[in-house]
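Here's the structure we're looking at; comments come further down.
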Amino acid sequence: MSDPFDLADEPPPPPPRSPSAVLRLDALNDTQRAAVEATEGPVLVLAGAGTGKTRVLTTRLAYILAQGLARPGEVLAVTFTNKAAREMRERVSALLGQPVEGWWVGTFHALGARILRIHAEAVGLKPNFTILDADDQLRLVKQLLEAHGIDEKRTPARVVLAAIQRWKNRGLGADAVPAAEGAGVADGRALSLYAEYQDRLRTLNAADFGDLLLHCLTLFQADAEIARRYQRRFRYILVDEYQDTNVAQYLWLRVLAQAHHNICCVGDDDQSIYSWRGAEVGNILRFESDFPGAQVIRLERNYRSTPHILAAASGLIAHNEGRLGKTLWTELNEGEKVVVRGVWDGEEEARVVCSEVEALQSKGETLNEMAALVRAGFQTREFEERLITLGIPYRVVGGPRFYERQEIRDAIAYLRVIAQPDDDLAFERIVNVPKRGLGPASLQAVHRLARAERLPLTAAAERLIGTDELKPQARNRLGGLLHDFARWRSLSAVMPHPELAALVLDESGYTGMWQASKAPEAAGRLDNLKELVTALADFDSLGGFLEHISLVMENEESTAADKFTVMTLHSAKGLEFDTVFLPGWEEGVFPNQRSLDEGGTAALEEERRLAYVGITRARQRAVVLFAANRRMFGRWQSSVPSRFIDELPPDNVEPVSEPGLYGTAPARGVGGLNDSAAWTAGDSWRPRRFRAQPLIDAVAFDVGARDAPERPFEAGQRVFHQKFGYGRVIAVDGEKLEVAFEKAGTKKVIDSFVEAA
DNA sequence: AATATATGCGTTTTT
DNA sequence: CGCATATATT
């Protein structure tokens, strides 16, 4: 981080090629090797799911270094996530057999921040500028709206902020937005609010995420010499997940690639699922015209999934238009078909999945190799409940993050004010936490002065306590706080920062506040604060720590324990599992209602890509589920199976459904998932039939009784029936069981009416 | 300043 | 339905 690249100097010629560093490429297939060796000029690597994308990327990087084509500091490798950046670092170091120092590997935002810290003054910031998170941004916009007396109901801060972010994603500063575009948002005031927002950021000495790239663009444009230095420096540029780049990121890359043109972008247009966040599939579709003379290399050999899974995914995604097109193939053995299973409701869906999980586990599969991938967060709940009931260890990815917890944000706010006195947002957050009798009235006085004199809040507060405007008590308290801050700030020069943090939390009364609290969560919060102080020790400065938490918001989950995973499809991108469950494939859930209502074809296609991502996560088994009924927002709704189910190629699908529910084959446990004798694939489960049949049949069920058989019943097995009570199976005939009930005598029943006892 | 009640709203979220 | 905000109430 601290390496002061001397950008003024032309880098010396690359060192001579060293034979000891030659990299073996024989583990790669021909196409992969071609992608590694095509180092010169623009290259687009279209890497289908499971085709060894990461391997190519890391080998290519190692190859460039090993061949002596560039020194580490002359290579720029850009990712979207810190996880991907870390993986790249580790894998390249492993390939080279030594750690690589001084190279530029990181996320767009981290790299943008790194450049910006060096040239902050050029865009009106100081080098220690704060990076605001989403919460800070929103509060800032709220303040602006309030200051203008704009009704938050009519013009929600969220909407204004979203507009600003969209502009930033497109590389548009406030002065560059076409006036017509501002007209539609926030009663036509969005544009002026944008300008004002930027103004405030500058006063706060702060940048939001979008700024980290946008300011770079401004910088490069304003100072051609600086741009030229970076252009010369970066001989080789590598970009991961190119389909997810937005316009600002594209422009950023284009500037940096201008001198050497050695830019290699890896991506898959079929896995573009972040357009709602500003990603432009167009970037990847246009690559050849954007970078003239570009080579396009397609990685199409899939090493991950069985042919059925691959064919199901390919057949589905073929319904999208405007693709670059790839034909994935594999040499793996056929494997199991994709199971499509209809169930009664969400609860049963969870039951079915979890009993499959248990069954697989008892066959020796590990929980780490199984996951349920849902469309939206609310779907995780039913799974969690069931997993808890059964005592299956699990993790839900994407819960509340450590640095987003209230107590952590409060603590960080203290540190932020110490590190950067102009950080009003942080100051406001903790000025009265714990309670210091500095309520709205006092704060308003500070604000008034700050606005009038265009001062940061701390400076205004400083001046205010020199006057008699505040009541004596408030004046004393505020003075005391400012005094503390000054003291802590001077201590920060001499005291190790973890110690300082502990001292600040203590002396400010913040720890005491939670110690005194009798809230049930207080103990946990104190633990978290301790953890925070411990975490500080991993960084060599307070600034470094603050940078880290701004840019690295991820949860680092220990992968040691064997756990079943529940997560959204979005966060599953890039991962793989032996077994993947895909619940909730119903119209309105997946594809999501909102994309159906608002986004038109483009949004539907993105949903379809999401489905594609889901299926292609599976190595061995994919199970798609849909429920006939689902409770949404507290209301029961009967639902129609997703159109995506119809789009799966029938030959690669094994339909399984509840008897009577959809008139299809009886459901079975793991061993029986392939039992589809009653089903000619490709017709009986089509929506037409669904609509005609299910509701009536379903209502006829004794709902309490119908629990899905979790595994095939066997003679002699003890079972339970809602109406007849306990009994023992005498004979099995397909879905029909003969059961000797203890109280009701021997009866013939359908298996879905009984459960294993 | 702190609790009680009303209201509103409800995808995905790498940084 | 369940959560997060806003407003009312003491």
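All residue names refer to the structure tokens as shown: chains lettered A, B, ... in order, residues numbered from 1 in each chain, ligands numbered from 1 in order.
Counting only C-alpha atoms (C1' of nucleotides), DT11 in chain B has the following residues at most 12 Å away, ignoring those fewer than 4 positions along the same chain: A:Tyr274, A:Trp276, A:Val374, A:Arg375, A:Ala376, A:Gly377, A:Phe378, A:Gln379, A:Thr568, A:Leu569, A:His570, A:Gly588, A:Val589, A:Phe590, A:Pro591, A:Asn592, A:Gln593, A:Arg594, A:Ser595, A:Leu596, A:Ala603, A:Glu607.
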Take the residues from that selection and put them in a file with C-alpha atoms, as a tab-separated table (two decimals), in the first residue's frame.
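What follows is the written file out_25.tsv:
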chain	number	residue	atom	x	y	z
A	274	TYR	CA	-25.93	-6.96	-12.03
A	276	TRP	CA	-29.60	-3.15	-11.80
A	374	VAL	CA	-32.82	-18.67	-3.58
A	375	ARG	CA	-33.95	-15.69	-5.55
A	376	ALA	CA	-34.59	-13.40	-2.61
A	377	GLY	CA	-33.71	-13.12	1.01
A	378	PHE	CA	-37.16	-13.81	2.39
A	379	GLN	CA	-36.98	-17.33	1.03
A	568	THR	CA	-29.13	-15.92	-2.91
A	569	LEU	CA	-28.38	-16.74	-6.50
A	570	HIS	CA	-26.50	-13.49	-6.78
A	588	GLY	CA	-43.61	-13.76	-9.49
A	589	VAL	CA	-40.84	-15.15	-7.33
A	590	PHE	CA	-38.52	-16.27	-10.05
A	591	PRO	CA	-38.76	-14.55	-12.41
A	592	ASN	CA	-39.35	-11.87	-9.89
A	593	GLN	CA	-42.55	-9.87	-10.12
A	594	ARG	CA	-40.79	-6.57	-10.30
A	595	SER	CA	-38.67	-7.48	-13.25
A	596	LEU	CA	-41.81	-8.78	-14.91
A	603	ALA	CA	-35.11	-7.71	-17.10
A	607	GLU	CA	-33.67	-13.27	-14.51
TODO: Skip range 385-390 of chain A itself and residues of its chain fewer than 2 positions away, then list as a list in words all residues within 9 Å of it, counting only C-alpha atoms (C1' of nucleotides).
DONE: Glu347, Ala350, Arg351, Cys354, Ser355, Glu358, Thr380, Arg381, Glu382, Phe383, Ile392, Pro393, Tyr394 and Phe564 of chain A
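Residue list for chain A within 10 Å of chain C: Arg631, Met632, Phe633, Gly634 and Arg635 of chain A, counting only C-alpha atoms (C1' of nucleotides).
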Which chain B residues have any atom within 7 Å of an atom of chain A, and for each, what is the nearest pair of atoms with distance in Å to one decimal, counting only C-alpha atoms (C1' of nucleotides), rows sorted by chain and number, as a tab-separated table?
residue	atom	partner	partner_atom	distance
B:DT11	C1'	A:Ala376	CA	6.0
B:DT12	C1'	A:His570	CA	6.4
B:DT14	C1'	A:Thr81	CA	4.8
B:DT15	C1'	A:Leu551	CA	6.0
- [ ] Pick out each residue of range 401-650 of chain A that DSSP on the backbone tags as helix (DSSP H, G or I); I need them as a PyMOL selection string.
- [x] chain A and resi 402-404+406-419+424-430+440-453+457-464+472-491+497-507+510-516+522-536+542-551+569-572+593-615+643-647+650
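Atom to atom, CA of Trp344 in chain A and CA of Ser639 in chain A stand 10.1 Å apart.
You will find C1' of DG10 in chain B at 15.4 Å from CA of Gln637 in chain A.
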Just want the 6 Å neighbourhood of range 279-287 of chain A, counted on only C-alpha atoms (C1' of nucleotides), with same-chain residues fewer than 4 positions away dropped. Output as a tab-separated table (two decimals) with N, CA, C and O atoms, in the first residue's frame.
chain	number	residue	atom	x	y	z
A	243	GLN	N	-18.24	-8.74	-17.70
A	243	GLN	CA	-19.65	-8.50	-17.98
A	243	GLN	C	-20.32	-7.65	-16.90
A	243	GLN	O	-21.40	-7.13	-17.09
A	244	ASP	N	-19.65	-7.51	-15.77
A	244	ASP	CA	-20.24	-6.75	-14.67
A	244	ASP	C	-19.75	-5.31	-14.59
A	244	ASP	O	-20.13	-4.57	-13.69
A	245	THR	N	-18.91	-4.90	-15.52
A	245	THR	CA	-18.40	-3.54	-15.44
A	245	THR	C	-19.47	-2.53	-15.85
A	245	THR	O	-20.30	-2.80	-16.70
A	246	ASN	N	-19.41	-1.38	-15.22
A	246	ASN	CA	-20.30	-0.30	-15.63
A	246	ASN	C	-19.53	0.65	-16.55
A	246	ASN	O	-18.35	0.43	-16.84
A	274	TYR	N	-25.97	-8.16	-12.86
A	274	TYR	CA	-25.93	-6.96	-12.03
A	274	TYR	C	-26.27	-5.68	-12.78
A	274	TYR	O	-25.81	-4.60	-12.42
A	275	SER	N	-27.09	-5.79	-13.79
A	275	SER	CA	-27.43	-4.58	-14.54
A	275	SER	C	-28.14	-3.57	-13.65
A	275	SER	O	-27.98	-2.37	-13.81
A	291	PHE	N	-12.10	-2.07	-28.58
A	291	PHE	CA	-10.66	-2.28	-28.62
A	291	PHE	C	-10.30	-2.92	-29.96
A	291	PHE	O	-10.26	-4.15	-30.08
Open item on the list: Need to verify the contact set: range 219-228 of chain A, 8 Å, only C-alpha atoms (C1' of nucleotides), exclusion of same-chain residues closer than 4 positions in sequence. Can you return it as a PyMOL selection string?
Closed with: chain A and resi 119+122-123+215+232+255-256+259
Those residues you just picked out, can you put them in a file as a CSV table (one decimal), in the first residue's frame with all heavy atoms?
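Result file result-v1.csv:
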chain,number,residue,atom,x,y,z
A,119,HIS,N,-3.4,11.5,-5.6
A,119,HIS,CA,-3.7,12.8,-6.3
A,119,HIS,C,-4.9,13.5,-5.8
A,119,HIS,O,-5.6,14.2,-6.5
A,119,HIS,CB,-3.9,12.5,-7.8
A,119,HIS,CG,-2.8,11.6,-8.4
A,119,HIS,ND1,-1.5,12.1,-8.7
A,119,HIS,CD2,-2.7,10.3,-8.7
A,119,HIS,CE1,-0.8,11.2,-9.2
A,119,HIS,NE2,-1.5,10.1,-9.3
A,122,ALA,N,-5.8,17.1,-6.5
A,122,ALA,CA,-6.2,17.5,-7.9
A,122,ALA,C,-7.7,17.5,-8.1
A,122,ALA,O,-8.2,18.1,-9.0
A,122,ALA,CB,-5.5,16.6,-8.9
A,123,VAL,N,-8.4,16.7,-7.2
A,123,VAL,CA,-9.9,16.7,-7.4
A,123,VAL,C,-10.5,17.4,-6.1
A,123,VAL,O,-11.7,17.2,-5.9
A,123,VAL,CB,-10.4,15.3,-7.6
A,123,VAL,CG1,-10.0,14.7,-8.9
A,123,VAL,CG2,-10.0,14.4,-6.4
A,215,HIS,N,-13.8,10.3,-9.9
A,215,HIS,CA,-12.7,11.3,-9.6
A,215,HIS,C,-11.4,10.9,-10.4
A,215,HIS,O,-10.7,11.8,-10.9
A,215,HIS,CB,-12.4,11.4,-8.1
A,215,HIS,CG,-13.3,12.2,-7.4
A,215,HIS,ND1,-14.0,13.3,-7.9
A,215,HIS,CD2,-13.7,12.1,-6.1
A,215,HIS,CE1,-14.8,13.8,-6.9
A,215,HIS,NE2,-14.6,13.1,-5.8
A,232,ARG,N,1.6,4.5,-19.2
A,232,ARG,CA,2.9,3.9,-19.5
A,232,ARG,C,3.2,2.8,-18.5
A,232,ARG,O,3.8,1.8,-18.9
A,232,ARG,CB,4.0,5.0,-19.5
A,232,ARG,CG,4.1,5.8,-20.7
A,232,ARG,CD,5.4,6.5,-20.8
A,232,ARG,NE,5.6,7.4,-19.7
A,232,ARG,CZ,5.5,8.7,-19.8
A,232,ARG,NH1,5.3,9.3,-21.0
A,232,ARG,NH2,5.8,9.5,-18.8
A,255,VAL,N,-8.9,4.3,-20.5
A,255,VAL,CA,-7.8,5.3,-20.3
A,255,VAL,C,-6.5,4.6,-20.0
A,255,VAL,O,-5.5,4.9,-20.6
A,255,VAL,CB,-8.2,6.3,-19.2
A,255,VAL,CG1,-7.0,7.1,-18.8
A,255,VAL,CG2,-9.4,7.2,-19.5
A,256,LEU,N,-6.6,3.7,-19.1
A,256,LEU,CA,-5.4,3.1,-18.6
A,256,LEU,C,-4.7,2.2,-19.7
A,256,LEU,O,-3.5,1.9,-19.6
A,256,LEU,CB,-5.6,2.3,-17.3
A,256,LEU,CG,-6.0,3.2,-16.1
A,256,LEU,CD1,-6.3,2.3,-14.9
A,256,LEU,CD2,-4.8,4.1,-15.8
A,259,ALA,N,-1.9,3.3,-23.7
A,259,ALA,CA,-0.5,3.3,-24.2
A,259,ALA,C,-0.1,1.9,-24.8
A,259,ALA,O,0.4,1.8,-25.9
A,259,ALA,CB,0.4,3.7,-23.1
